[in-house]
$ cat start38.cif   # mmCIF, C-alpha atoms and all ligand atoms
data_input
loop_
_atom_site.label_atom_id
_atom_site.label_comp_id
_atom_site.auth_asym_id
_atom_site.auth_seq_id
_atom_site.Cartn_x
_atom_site.Cartn_y
_atom_site.Cartn_z
CA MET N 12 -46.56 30.20 -14.91
CA PHE N 13 -44.57 32.39 -12.53
CA PHE N 14 -45.11 35.80 -14.06
CA LYS N 15 -48.41 37.24 -12.98
CA ARG N 16 -50.58 38.72 -15.68
CA SER N 17 -52.53 41.83 -14.86
CA ALA N 18 -56.20 41.78 -15.81
CA ASP N 19 -55.83 44.32 -18.60
CA SER N 20 -52.56 43.16 -20.07
CA THR N 21 -50.97 40.05 -21.49
CA ALA N 22 -47.48 41.41 -20.89
CA LEU N 23 -44.93 39.32 -19.04
CA GLY N 24 -43.61 40.65 -15.78
CA ASN N 25 -44.33 43.67 -13.69
CA ALA N 26 -41.60 46.08 -12.69
CA ALA N 27 -43.39 46.87 -9.43
CA GLU N 28 -43.06 43.32 -8.15
CA PRO N 29 -39.64 42.31 -6.81
CA TRP N 30 -38.31 39.13 -8.36
CA GLU N 31 -37.94 36.08 -6.20
CA ALA N 32 -35.39 33.49 -7.21
CA THR N 33 -37.28 30.25 -6.71
CA PRO N 34 -36.22 27.09 -8.52
CA ASP N 35 -39.32 27.14 -10.76
CA ALA N 36 -39.40 30.85 -11.59
CA PRO N 37 -37.80 31.57 -14.96
CA LEU N 38 -34.84 33.90 -14.81
CA MET N 39 -35.43 34.72 -18.46
CA SER N 40 -38.74 34.27 -20.21
CA LEU N 41 -39.46 35.12 -23.84
CA ARG N 42 -42.84 35.06 -25.52
CA GLY N 43 -43.51 35.76 -29.17
CA VAL N 44 -40.11 37.34 -29.69
CA GLU N 45 -39.42 38.20 -33.31
CA LYS N 46 -36.71 40.05 -35.13
CA SER N 47 -36.65 41.03 -38.76
CA PHE N 48 -34.75 43.20 -41.21
CA PRO N 49 -36.21 45.11 -44.13
CA ALA N 50 -35.61 43.23 -47.39
CA GLY N 51 -36.83 44.78 -50.62
CA ALA N 52 -40.52 45.51 -50.21
CA GLY N 53 -40.88 43.07 -47.28
CA GLN N 54 -39.08 41.72 -44.24
CA THR N 55 -36.59 38.95 -43.64
CA PHE N 56 -37.25 37.27 -40.32
CA VAL N 57 -34.24 36.21 -38.30
CA LEU N 58 -36.19 35.07 -35.22
CA ARG N 59 -39.80 33.86 -35.28
CA ARG N 60 -42.23 33.32 -32.40
CA ILE N 61 -39.52 32.57 -29.85
CA ALA N 62 -40.96 31.26 -26.58
CA ILE N 63 -38.37 30.02 -24.11
CA ASP N 64 -37.92 29.94 -20.36
CA ILE N 65 -34.52 29.67 -18.69
CA LYS N 66 -34.52 28.91 -14.99
CA PRO N 67 -31.98 30.10 -12.45
CA GLY N 68 -29.02 27.74 -12.24
CA GLU N 69 -29.50 26.26 -15.70
CA PHE N 70 -26.60 25.79 -18.11
CA VAL N 71 -28.15 26.01 -21.56
CA SER N 72 -26.52 25.61 -24.97
CA ILE N 73 -28.04 27.23 -28.05
CA MET N 74 -27.17 25.19 -31.11
CA GLY N 75 -28.12 25.09 -34.77
CA PRO N 76 -26.78 25.74 -38.25
CA SER N 77 -24.97 28.91 -39.17
CA GLY N 78 -27.44 31.73 -39.82
CA ALA N 79 -30.15 30.13 -37.64
CA GLY N 80 -30.34 33.18 -35.38
CA LYS N 81 -28.28 31.98 -32.41
CA SER N 82 -26.14 35.09 -31.93
CA THR N 83 -29.14 37.33 -32.53
CA LEU N 84 -31.06 35.54 -29.77
CA LEU N 85 -28.11 35.74 -27.37
CA HIS N 86 -27.75 39.49 -27.99
CA ILE N 87 -31.45 39.98 -27.23
CA LEU N 88 -31.09 37.94 -24.01
CA GLY N 89 -28.06 40.06 -23.10
CA LEU N 90 -29.93 43.35 -23.67
CA HIS N 91 -27.53 44.39 -26.41
CA ASP N 92 -30.30 44.50 -28.99
CA SER N 93 -33.55 46.33 -28.42
CA ALA N 94 -34.87 46.25 -32.02
CA TRP N 95 -37.24 43.30 -31.69
CA SER N 96 -40.89 42.67 -30.92
CA GLY N 97 -42.55 40.45 -28.34
CA GLU N 98 -42.14 40.06 -24.61
CA TYR N 99 -39.04 39.35 -22.56
CA ALA N 100 -38.99 39.20 -18.78
CA LEU N 101 -35.60 39.15 -17.07
CA MET N 102 -35.82 38.49 -13.34
CA GLY N 103 -39.44 39.58 -13.49
CA GLN N 104 -38.61 42.86 -15.22
CA PRO N 105 -40.52 43.41 -18.48
CA ILE N 106 -37.61 44.32 -20.72
CA HIS N 107 -39.94 45.15 -23.63
CA LYS N 108 -41.38 48.01 -21.56
CA LEU N 109 -38.25 49.38 -19.92
CA PRO N 110 -36.47 52.54 -21.03
CA ALA N 111 -32.90 52.13 -22.32
CA LYS N 112 -31.37 53.44 -19.11
CA GLU N 113 -33.07 50.81 -16.98
CA ARG N 114 -32.15 48.04 -19.43
CA SER N 115 -28.56 49.16 -19.26
CA ALA N 116 -28.58 49.20 -15.46
CA LEU N 117 -29.98 45.65 -15.37
CA GLN N 118 -27.40 44.52 -17.90
CA LYS N 119 -24.50 45.99 -15.94
CA ARG N 120 -25.73 44.56 -12.67
CA HIS N 121 -26.64 41.03 -13.69
CA ILE N 122 -25.13 40.01 -17.03
CA GLY N 123 -21.63 39.00 -18.10
CA PHE N 124 -21.34 38.69 -21.88
CA VAL N 125 -18.63 36.93 -23.87
CA PHE N 126 -18.68 38.28 -27.43
CA GLN N 127 -17.71 36.12 -30.37
CA SER N 128 -15.51 38.95 -31.63
CA TYR N 129 -14.25 39.84 -28.10
CA HIS N 130 -15.33 43.54 -28.13
CA LEU N 131 -12.48 44.61 -25.87
CA LEU N 132 -11.93 48.34 -25.59
CA ASP N 133 -8.87 49.09 -27.71
CA ASN N 134 -7.72 52.10 -25.70
CA LEU N 135 -7.76 50.23 -22.38
CA THR N 136 -5.16 47.74 -21.18
CA VAL N 137 -6.00 44.13 -20.37
CA TYR N 138 -6.14 45.11 -16.69
CA GLU N 139 -8.46 48.04 -17.34
CA ASN N 140 -10.75 45.99 -19.62
CA ILE N 141 -11.18 43.37 -16.89
CA GLU N 142 -11.67 45.99 -14.20
CA LEU N 143 -14.46 47.80 -16.08
CA PRO N 144 -17.46 45.69 -14.95
CA LEU N 145 -16.37 46.16 -11.32
CA SER N 146 -16.29 49.93 -11.69
CA TYR N 147 -19.91 49.82 -12.96
CA ARG N 148 -20.84 48.12 -9.70
CA ASN N 149 -19.23 50.59 -7.33
CA VAL N 150 -16.65 48.12 -6.02
CA LYS N 151 -13.96 49.97 -4.03
CA LYS N 152 -10.59 50.45 -5.72
CA SER N 153 -8.62 48.28 -3.27
CA GLU N 154 -11.17 45.48 -3.64
CA ARG N 155 -11.14 45.87 -7.44
CA GLN N 156 -7.37 45.48 -7.46
CA SER N 157 -7.48 42.26 -5.51
CA ILE N 158 -10.33 40.77 -7.60
CA VAL N 159 -8.65 41.66 -10.91
CA ALA N 160 -5.29 40.30 -9.68
CA ASP N 161 -7.02 37.05 -8.78
CA VAL N 162 -8.73 36.77 -12.19
CA LEU N 163 -5.52 37.61 -14.09
CA ASP N 164 -3.83 34.85 -12.14
CA ARG N 165 -6.64 32.35 -12.68
CA PHE N 166 -6.57 32.98 -16.44
CA GLY N 167 -2.78 32.85 -16.64
CA ILE N 168 -2.54 36.35 -18.14
CA VAL N 169 -0.73 38.28 -15.40
CA ALA N 170 2.17 39.00 -17.78
CA LYS N 171 -0.26 40.57 -20.29
CA LYS N 172 -1.97 42.96 -17.91
CA ASP N 173 -0.41 46.17 -19.27
CA LEU N 174 -0.79 45.26 -22.95
CA TYR N 175 -3.50 46.61 -25.22
CA PRO N 176 -5.90 44.27 -27.08
CA SER N 177 -4.14 44.90 -30.41
CA GLN N 178 -0.97 43.42 -28.87
CA LEU N 179 -2.68 40.11 -28.11
CA SER N 180 -3.45 37.05 -30.22
CA GLY N 181 -7.09 36.15 -30.92
CA GLY N 182 -6.98 33.41 -28.30
CA GLN N 183 -5.55 35.78 -25.67
CA GLN N 184 -8.23 38.36 -26.46
CA GLN N 185 -10.87 35.68 -26.04
CA LEU N 186 -9.48 34.76 -22.61
CA VAL N 187 -9.59 38.43 -21.58
CA GLY N 188 -13.18 38.59 -22.88
CA VAL N 189 -14.15 35.61 -20.71
CA ALA N 190 -12.28 37.09 -17.71
CA ARG N 191 -14.17 40.37 -18.13
CA ALA N 192 -17.50 38.49 -18.28
CA VAL N 193 -16.93 36.59 -15.03
CA VAL N 194 -15.02 39.15 -12.93
CA ALA N 195 -18.03 40.78 -11.30
CA SER N 196 -19.73 37.46 -10.48
CA PRO N 197 -22.84 38.17 -12.55
CA ALA N 198 -26.04 36.16 -12.02
CA VAL N 199 -26.03 35.26 -15.73
CA ILE N 200 -23.19 34.58 -18.16
CA LEU N 201 -24.07 34.70 -21.85
CA ALA N 202 -21.30 33.42 -24.08
CA ASP N 203 -21.18 33.46 -27.89
CA GLU N 204 -18.82 30.68 -29.03
CA PRO N 205 -16.61 31.35 -25.99
CA THR N 206 -13.93 28.86 -26.99
CA GLY N 207 -13.94 29.40 -30.77
CA ASN N 208 -10.38 30.73 -30.84
CA LEU N 209 -8.84 28.73 -28.02
CA HIS N 210 -6.78 25.58 -28.31
CA SER N 211 -8.40 22.49 -26.88
CA GLY N 212 -6.66 22.68 -23.47
CA GLN N 213 -7.72 26.30 -22.93
CA ALA N 214 -11.22 25.51 -24.20
CA GLN N 215 -11.54 22.75 -21.66
CA GLU N 216 -10.37 25.06 -18.87
CA ILE N 217 -12.99 27.66 -19.80
CA MET N 218 -15.72 25.04 -19.87
CA GLU N 219 -14.54 23.69 -16.50
CA LEU N 220 -14.67 27.26 -15.15
CA PHE N 221 -18.22 27.65 -16.45
CA ARG N 222 -19.19 24.34 -14.88
CA HIS N 223 -17.71 25.47 -11.56
CA LEU N 224 -19.54 28.83 -11.70
CA ASN N 225 -22.75 27.05 -12.67
CA GLN N 226 -22.40 24.68 -9.71
CA GLN N 227 -22.13 27.77 -7.52
CA GLY N 228 -25.42 29.09 -8.91
CA THR N 229 -24.50 31.16 -11.98
CA THR N 230 -26.93 30.70 -14.87
CA ILE N 231 -25.10 30.13 -18.15
CA VAL N 232 -26.30 30.33 -21.73
CA GLN N 233 -23.76 29.60 -24.45
CA VAL N 234 -23.97 29.53 -28.22
CA THR N 235 -21.86 26.67 -29.46
CA HIS N 236 -21.27 24.38 -32.40
CA SER N 237 -19.31 22.01 -30.18
CA GLU N 238 -21.03 18.90 -28.84
CA THR N 239 -18.17 18.67 -26.32
CA ASN N 240 -18.99 22.14 -24.96
CA ALA N 241 -22.73 21.44 -25.02
CA ALA N 242 -22.14 18.33 -22.89
CA TYR N 243 -21.15 20.67 -20.01
CA GLY N 244 -24.68 22.07 -20.01
CA ASN N 245 -27.95 20.59 -18.85
CA ARG N 246 -30.11 21.48 -21.86
CA VAL N 247 -29.88 22.32 -25.54
CA ILE N 248 -32.14 24.80 -27.34
CA ARG N 249 -31.95 24.15 -31.09
CA LEU N 250 -32.66 26.91 -33.57
CA ARG N 251 -33.33 26.47 -37.27
CA ASP N 252 -34.27 29.27 -39.67
CA GLY N 253 -35.15 31.49 -36.71
CA PHE N 254 -37.50 28.99 -35.03
CA VAL N 255 -36.88 26.99 -31.87
CA GLU N 256 -37.05 23.33 -32.84
CA ALA N 257 -39.22 21.06 -30.72
CA PRO N 258 -37.00 19.18 -28.24
P1 LIG N 301 -26.11 32.40 -36.15
O1 LIG N 301 -25.54 32.98 -34.90
O2 LIG N 301 -27.07 31.27 -35.91
O3 LIG N 301 -25.07 32.01 -37.16
P2 LIG N 301 -27.05 35.11 -36.60
O4 LIG N 301 -27.93 35.36 -35.43
O5 LIG N 301 -25.68 35.67 -36.58
O6 LIG N 301 -27.00 33.52 -36.86
O7 LIG N 301 -27.76 35.62 -37.92
C1 LIG N 301 -29.07 35.19 -38.26
C2 LIG N 301 -29.45 35.74 -39.60
O8 LIG N 301 -29.62 37.16 -39.50
C3 LIG N 301 -28.42 35.51 -40.68
O9 LIG N 301 -29.08 35.01 -41.81
C4 LIG N 301 -27.87 36.90 -40.92
O10 LIG N 301 -27.50 37.03 -42.27
C5 LIG N 301 -29.05 37.78 -40.60
N1 LIG N 301 -28.65 39.16 -40.25
C6 LIG N 301 -27.87 39.52 -39.22
N2 LIG N 301 -27.70 40.87 -39.20
C7 LIG N 301 -28.39 41.35 -40.28
C8 LIG N 301 -28.61 42.66 -40.82
N3 LIG N 301 -28.09 43.73 -40.25
N4 LIG N 301 -29.40 42.76 -41.93
C9 LIG N 301 -29.94 41.66 -42.49
N5 LIG N 301 -29.77 40.41 -42.02
C10 LIG N 301 -29.00 40.25 -40.94
#

$ encode --input "start38.cif" --output "structure tokens"
Amino acid sequence: MFFKRSADSTALGNAAEPWEATPDAPLMSLRGVEKSFPAGAGQTFVLRRIAIDIKPGEFVSIMGPSGAGKSTLLHILGLHDSAWSGEYALMGQPIHKLPAKERSALQKRHIGFVFQSYHLLDNLTVYENIELPLSYRNVKKSERQSIVADVLDRFGIVAKKDLYPSQLSGGQQQLVGVARAVVASPAVILADEPTGNLHSGQAQEIMELFRHLNQQGTTIVQVTHSETNAAYGNRVIRLRDGFVEAP
């Protein structure tokens, strides 16, 4: 196992040790991750004893019936949810021990997230929504302009750049959501049903884009119901009732 364990702790990862991207070192490693909600006098578990490793350069699909916990798991991987127990190491950083500020910095630096319900900022234009991840990373304005122009062009949404999300169809908002996730070339793209609202041609283009980014080294984890989309990946993690099913 890549993550060293200190003598007095069973925790994954150690913030003091820089992470080395070697082919066998997991980029994301979860052990005993659980999430539950209060229900009556007890708890309803949404995720149980999750233990998974995702290596750099993998393209993983999370599949399973509705309500199995797929989105919940993706939001934990993406550091959007901190209300869980267990251990999660991201690039060697023990997420379960990090303060919120450090989690947020890691998220902004390394993760692009495509939300099922888009989560675009309503008061920003398409251009400004796509530009946002670059501004978190201190990219100069002139460079930002050229990167965003390129992405708008690649996604065929140049004509929409000054519109607000409420002026777009669901499919257009989803495209902007994917554009925002990839614009800053993150190490990891996490995508929750990224093609759910796209017609089949657009869906194929997004999956081809993901394949291209993956071939260039981006690690991708998608939640999907589509066997066609899953076929773009190299591995499927199946969830059922909050448990990972044996492969
Ligand atoms: P999937 O993505 O596989 O469809 P989700 O991760 O969205 O599943 O949800 C997993 C389970 O967690 C569902 O049964 C859902 O009802 C439950 N759940 C999600 N949020 C809450 C909440 N705030 N309170 C109680 N249960 C919740």

$ closest_residue --input "start38.cif" --among "N:Gln213, N:Ser146, N:Gln104, N:Ser196" --to "Gln183 in chain N" --atoms "all atoms listed in the file"
N:Gln213

$ closest_atom_pairs --input "start38.cif" --of "chain N" --to "ligand LIG 301 (chain N)" --cutoff "9 Å" --atoms "all atoms listed in the file" --output "tab-separated table"
residue	atom	partner	partner_atom	distance
N:Lys46	CA	N:LIG301	O8	8.8
N:Ser47	CA	N:LIG301	N5	7.6
N:Phe48	CA	N:LIG301	C9	5.2
N:Pro49	CA	N:LIG301	C9	7.3
N:Ala50	CA	N:LIG301	C9	7.7
N:Thr55	CA	N:LIG301	N5	7.2
N:Phe56	CA	N:LIG301	O8	7.7
N:Val57	CA	N:LIG301	O8	4.9
N:Leu58	CA	N:LIG301	C1	7.7
N:Ile73	CA	N:LIG301	O2	8.9
N:Met74	CA	N:LIG301	O2	7.7
N:Gly75	CA	N:LIG301	O2	6.4
N:Pro76	CA	N:LIG301	O2	6.0
N:Ser77	CA	N:LIG301	O3	3.7
N:Gly78	CA	N:LIG301	O6	3.5
N:Ala79	CA	N:LIG301	O2	3.7
N:Gly80	CA	N:LIG301	O4	3.3
N:Lys81	CA	N:LIG301	O2	3.8
N:Ser82	CA	N:LIG301	O1	3.7
N:Thr83	CA	N:LIG301	O4	3.7
N:Leu84	CA	N:LIG301	O4	6.5
N:Leu85	CA	N:LIG301	O4	8.1
N:His86	CA	N:LIG301	O4	8.5
N:Asp203	CA	N:LIG301	O1	8.3
N:Val234	CA	N:LIG301	O1	7.7
N:Leu250	CA	N:LIG301	O2	7.5
N:Arg251	CA	N:LIG301	O2	8.0
N:Asp252	CA	N:LIG301	C1	8.0
N:Gly253	CA	N:LIG301	C1	7.3

$ atom_distance --input "start38.cif" --atom1 "CA of Phe124 in chain N" --atom2 "CA of Ile200 in chain N"
5.8 Å

$ residues_around --input "start38.cif" --residues "Ile106 in chain N" --least-positions-apart "3" --cutoff "10 Å" --atoms "only C-alpha atoms" --output "ChimeraX atom specification"
/N:23-26,41,87-88,90,93,97-103,109-111,113-114,117

$ axis_aligned_box --input "start38.cif" --around "range 174-184 of chain N" --padding-each-side "4 Å" --output "AutoDock Vina command-line options"
--center_x -4.5 --center_y 40.0 --center_z -26.9 --size_x 15.4 --size_y 21.2 --size_z 16.0

$ closest_residue --input "start38.cif" --among "N:Thr136, N:Thr206, N:Arg191, N:Ala198" --to "Asp173 in chain N" --atoms "all atoms listed in the file"
N:Thr136

$ closest_residue --input "start38.cif" --among "N:Gly212, N:Gln118, N:Ser72, N:Pro176" --to "Glu238 in chain N" --atoms "all atoms listed in the file"
N:Ser72

$ residues_around --input "start38.cif" --residues "Ala160 in chain N" --least-positions-apart "6" --cutoff "12 Å" --atoms "only C-alpha atoms" --output "ChimeraX atom specification"
/N:137-139,141-142,153-154,166-172,190,194

$ write_last_selection --input "start38.cif" --atoms "C-alpha atoms" --output "compact mmCIF listing (two decimals), keeping the file's coordinate frame"
# COMPACT_ATOMS: atom_id res chain seq x y z
CA VAL N 137 -6.00 44.13 -20.37
CA TYR N 138 -6.14 45.11 -16.69
CA GLU N 139 -8.46 48.04 -17.34
CA ILE N 141 -11.18 43.37 -16.89
CA GLU N 142 -11.67 45.99 -14.20
CA SER N 153 -8.62 48.28 -3.27
CA GLU N 154 -11.17 45.48 -3.64
CA PHE N 166 -6.57 32.98 -16.44
CA GLY N 167 -2.78 32.85 -16.64
CA ILE N 168 -2.54 36.35 -18.14
CA VAL N 169 -0.73 38.28 -15.40
CA ALA N 170 2.17 39.00 -17.78
CA LYS N 171 -0.26 40.57 -20.29
CA LYS N 172 -1.97 42.96 -17.91
CA ALA N 190 -12.28 37.09 -17.71
CA VAL N 194 -15.02 39.15 -12.93

$ closest_residue --input "start38.cif" --among "N:Gln233, N:Ser177, N:Gln156, N:Gln184" --to "Gly123 in chain N" --atoms "all atoms listed in the file"
N:Gln233

$ residues_around --input "start38.cif" --residues "Val255 in chain N" --least-positions-apart "5" --cutoff "8 Å" --atoms "all atoms listed in the file" --output "list in words"
Ile61, Ala62, Ile248, Arg249 and Leu250 of chain N

$ atom_distance --input "start38.cif" --atom1 "CA of Phe126 in chain N" --atom2 "CA of Gly188 in chain N"
7.1 Å

$ closest_residue --input "start38.cif" --among "N:Ile217, N:Ile65, N:Val71, N:Met39" --to "Gly244 in chain N" --atoms "all atoms listed in the file"
N:Val71

$ residues_around --input "start38.cif" --residues "range 220-222 of chain N" --least-positions-apart "4" --cutoff "9 Å" --atoms "only C-alpha atoms" --output "ChimeraX atom specification"
/N:70,200,215-216,226-227,229,231,243-244

$ atom_distance --input "start38.cif" --atom1 "CA of Ile122 in chain N" --atom2 "CA of Gln178 in chain N"
27.1 Å

$ closest_residue --input "start38.cif" --among "N:Ser157, N:Ser128, N:Asn225, N:Asn245" --to "Val187 in chain N" --atoms "all atoms listed in the file"
N:Ser128

$ build_atoms --input "start38.cif" --residues "range 47-74 of chain N" --atoms "N, CA and C atoms" --output "short mmCIF file (atom, residue, chain, number, x, y, z; two decimals), in the coordinates of the input"
data_model
loop_
_atom_site.label_atom_id
_atom_site.label_comp_id
_atom_site.auth_asym_id
_atom_site.auth_seq_id
_atom_site.Cartn_x
_atom_site.Cartn_y
_atom_site.Cartn_z
N SER N 47 -36.71 41.07 -37.30
CA SER N 47 -36.65 41.03 -38.76
C SER N 47 -35.88 42.23 -39.28
N PHE N 48 -35.42 42.09 -40.51
CA PHE N 48 -34.75 43.20 -41.21
C PHE N 48 -35.53 43.51 -42.47
N PRO N 49 -35.55 44.79 -42.86
CA PRO N 49 -36.21 45.11 -44.13
C PRO N 49 -35.47 44.44 -45.29
N ALA N 50 -36.21 43.87 -46.21
CA ALA N 50 -35.61 43.23 -47.39
C ALA N 50 -36.50 43.53 -48.58
N GLY N 51 -36.01 44.38 -49.48
CA GLY N 51 -36.83 44.78 -50.62
C GLY N 51 -38.11 45.44 -50.12
N ALA N 52 -39.24 44.94 -50.63
CA ALA N 52 -40.52 45.51 -50.21
C ALA N 52 -40.99 44.88 -48.89
N GLY N 53 -40.37 43.79 -48.46
CA GLY N 53 -40.88 43.07 -47.28
C GLY N 53 -39.87 43.01 -46.15
N GLN N 54 -39.93 41.91 -45.41
CA GLN N 54 -39.08 41.72 -44.24
C GLN N 54 -38.44 40.34 -44.31
N THR N 55 -37.19 40.27 -43.85
CA THR N 55 -36.59 38.95 -43.64
C THR N 55 -36.59 38.69 -42.14
N PHE N 56 -37.22 37.59 -41.75
CA PHE N 56 -37.25 37.27 -40.32
C PHE N 56 -36.03 36.46 -39.92
N VAL N 57 -35.42 36.89 -38.84
CA VAL N 57 -34.24 36.21 -38.30
C VAL N 57 -34.65 35.36 -37.10
N LEU N 58 -35.63 35.85 -36.33
CA LEU N 58 -36.19 35.07 -35.22
C LEU N 58 -37.71 35.10 -35.34
N ARG N 59 -38.35 33.96 -35.16
CA ARG N 59 -39.80 33.86 -35.28
C ARG N 59 -40.40 33.22 -34.04
N ARG N 60 -41.39 33.88 -33.47
CA ARG N 60 -42.23 33.32 -32.40
C ARG N 60 -41.41 32.57 -31.35
N ILE N 61 -40.38 33.23 -30.85
CA ILE N 61 -39.52 32.57 -29.85
C ILE N 61 -40.21 32.58 -28.49
N ALA N 62 -40.39 31.40 -27.93
CA ALA N 62 -40.96 31.26 -26.58
C ALA N 62 -40.06 30.31 -25.80
N ILE N 63 -39.25 30.87 -24.92
CA ILE N 63 -38.37 30.02 -24.11
C ILE N 63 -38.35 30.53 -22.68
N ASP N 64 -38.14 29.61 -21.77
CA ASP N 64 -37.92 29.94 -20.36
C ASP N 64 -36.58 29.36 -19.95
N ILE N 65 -35.78 30.16 -19.25
CA ILE N 65 -34.52 29.67 -18.69
C ILE N 65 -34.57 29.90 -17.19
N LYS N 66 -34.39 28.82 -16.45
CA LYS N 66 -34.52 28.91 -14.99
C LYS N 66 -33.18 29.25 -14.35
N PRO N 67 -33.24 29.80 -13.13
CA PRO N 67 -31.98 30.10 -12.45
C PRO N 67 -31.18 28.82 -12.23
N GLY N 68 -29.89 28.90 -12.48
CA GLY N 68 -29.02 27.74 -12.24
C GLY N 68 -28.92 26.80 -13.42
N GLU N 69 -29.64 27.11 -14.52
CA GLU N 69 -29.50 26.26 -15.70
C GLU N 69 -28.19 26.57 -16.43
N PHE N 70 -27.76 25.62 -17.23
CA PHE N 70 -26.60 25.79 -18.11
C PHE N 70 -27.08 25.32 -19.48
N VAL N 71 -27.45 26.29 -20.30
CA VAL N 71 -28.15 26.01 -21.56
C VAL N 71 -27.22 26.26 -22.74
N SER N 72 -27.28 25.39 -23.73
CA SER N 72 -26.52 25.61 -24.97
C SER N 72 -27.50 25.88 -26.10
N ILE N 73 -27.24 26.94 -26.85
CA ILE N 73 -28.04 27.23 -28.05
C ILE N 73 -27.25 26.72 -29.24
N MET N 74 -27.87 25.81 -29.98
CA MET N 74 -27.17 25.19 -31.11
C MET N 74 -28.03 25.31 -32.38
#
